[in-house]
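*Asks:* My questions all concern the structure below.
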Amino acid sequence: MALEDDILKLARTVRQLMPSAHDFWVPWRRLALVQEGAEEHDVFLCARAQLPGMARWFALFKERKVKLTEHGLRLADADAEELTRLRAVIAGKLPSEPATTDRSHLPALSEEGFLSSRGYHAGKDAPTASERQATLRAAYETASPSDQFNPSYVADWGQPGSLRRVEKIARSIAAFSRNRKASLRRQGMTQADTAQDEAVSDWEEDLAWLQSEFFDGDFRWPSTT
């Protein structure tokens, strides 16, 4: 599915849920449950809405809730003719991608953000396990999102060394892995094949390491399935 189709699908789901939401603000976890069947996909969906240019269609409240702007409502309700035009507008605002369907060398879209800014990547040409985990340790213990991110994004990561920080890191990595597996399955790969993917393998390894190092049982550990 093209990125513009993902954005359209997201807009339509938000439109569906807005009438029943308080002040029309839809919680990301409810949105993820309705659209993807699992609340843990909220990180991935929120990342979609924060791509360059998406503020035209999506309004975010502290990265916990979302609703459509006036333009977003028009997008969700567009007829076939208008949709063709709007799809081109969306495509023009999204980051360009290589034409090849082999994206194993690229970081996952939802990996962009705090962890990526710290140098965390998985898959082909990624740092070694010890280097990745050193980066994650620093992200948990000492680092904070830089001024390049909006204040609500920074606040959502919590303070260094906090329960919120380790939960956010864990949920992000789990989402990277789930979304990568889903993408590979859409390309026809089996579940066994996806487990051998370099990026998936790295994320699974890092998530297990994070759990053994910092998890004390105070929240439900995120699943990658």
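We label chains A, B, ... in the order they appear in the structure tokens, count residues from 1 in each chain, and number ligands from 1 in the order shown.
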Tell me, as a list in words, which residues lie within 8 Å of A:Trp221, counting only C-alpha atoms; anything in the same chain fewer than 3 positions away does not count.

*Replies:*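 Surrounding residues, per the criterion: Glu167, Ala170, Arg171 and Gly217 of chain A.
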
*Asks:* Name all residues at most 12 Å from A:Ser212 (count only C-alpha atoms; drop same-chain ones fewer than 4 positions away) and give them as a PyMOL selection string.

*Replies:* chain A and resi 133+166+170+205-208+216-217+221

*Asks:* Could you give me, as a PDB file with N, CA and C atoms, in the first residue's frame, the residues within 8 Å of A:Asn179, counting only C-alpha atoms and dropping anything in the same chain fewer than 4 positions from it?

*Replies:*
ATOM      1  N   PHE A  44       2.934   3.620  15.578  1.00  0.00           N
ATOM      2  CA  PHE A  44       3.086   3.645  14.127  1.00  0.00           C
ATOM      3  C   PHE A  44       2.117   4.632  13.485  1.00  0.00           C
ATOM      4  N   ALA A 175       6.800  -1.735  18.015  1.00  0.00           N
ATOM      5  CA  ALA A 175       6.019  -1.268  16.865  1.00  0.00           C
ATOM      6  C   ALA A 175       6.842  -1.337  15.584  1.00  0.00           C
ATOM      7  N   SER A 183       4.642  -5.456   6.772  1.00  0.00           N
ATOM      8  CA  SER A 183       5.049  -5.034   5.434  1.00  0.00           C
ATOM      9  C   SER A 183       5.607  -6.210   4.635  1.00  0.00           C
TER      10      SER A 183
END

*Asks:* Looking only at the backbone, which of the residues in chain A does DSSP tag as helix (DSSP H, G or I), as a PyMOL selection string?

*Replies:* chain A and resi 3-20+22-24+28-36+39-49+54-56+70-76+80-93+109-111+114-117+129-141+151-156+163-186+191-195+198-214

*Asks:* Check the smallest atom-to-atom distance from each of A:Phe58, A:Ser201, A:Lys67, A:Asp5 to A:Phe24 using only C-alpha atoms, then report the winner.

*Replies:*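 Once distances to A:Phe24 are computed over only C-alpha atoms, the minimum belongs to A:Lys67.
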
*Asks:* Measuring between only C-alpha atoms, which one of A:Pro52, A:Gly123, A:Pro222, A:Pro27 shows the shortest distance to A:Asp197?

*Replies:*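 For A:Asp197, the nearest of the candidates is A:Gly123.
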
*Asks:* Would you pick out the contacts of A:Phe61 at 10 Å or less, using only C-alpha atoms, so that residues sharing its chain but fewer than 4 positions from it are not included, and give the list as a list in words?

*Replies:*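 In the requested form, the answer reads Trp25, Val26, Pro27, Lys65, Val66, Lys67, Ser152 and Tyr153 of chain A.
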
*Asks:* From the set A:Ile7, A:Val34, A:Ala78, A:Leu73, which residue has the shortest atom-to-atom contact distance to A:Gln50, counting only C-alpha atoms?

*Replies:*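 With only C-alpha atoms as the atom set, the closest residue is A:Ile7.
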
*Asks:* May I ask which of the residues A:Arg118, A:Arg137, A:Arg56, A:Arg178 is the closest one to A:Trp203, counting only C-alpha atoms?

*Replies:*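 Going through A:Arg118, A:Arg137, A:Arg56, A:Arg178 one by one, the smallest distance to A:Trp203 is for A:Arg178.
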
*Asks:* Could you jot down the atom CA of A:Ser20 to atom CA of A:Ala47 separation for me, Å, one decimal place?

*Replies:* 23.3 Å

*Asks:* Neighbouring residues of A:Arg29 were defined as those with any atom within 9 Å, considering only C-alpha atoms; residues of the same chain fewer than 5 positions away were excluded. Please report them as a ChimeraX atom specification.

*Replies:* /A:34,38-43,64-65

*Asks:* Quick one: write out the picked residues with C-alpha atoms as a short mmCIF file (atom, residue, chain, number, x, y, z; two decimals), in the first residue's frame?

*Replies:*
data_model
loop_
_atom_site.label_atom_id
_atom_site.label_comp_id
_atom_site.auth_asym_id
_atom_site.auth_seq_id
_atom_site.Cartn_x
_atom_site.Cartn_y
_atom_site.Cartn_z
CA VAL A 34 -10.24 -0.06 15.38
CA ALA A 38 -4.32 -3.85 18.39
CA GLU A 39 -3.68 -0.82 20.61
CA GLU A 40 0.08 -1.27 20.30
CA HIS A 41 -0.04 0.06 16.73
CA ASP A 42 -0.69 3.57 18.06
CA VAL A 43 3.00 4.52 17.82
CA ARG A 64 -2.17 11.04 22.72
CA LYS A 65 -5.18 12.10 20.66
#

*Asks:* Tell me which of A:Thr135, A:Phe114, A:Arg12, A:Asp218 sits closest to A:Arg164, counting only C-alpha atoms.

*Replies:*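 Comparing A:Thr135, A:Phe114, A:Arg12, A:Asp218 against A:Arg164, the winner is A:Asp218.
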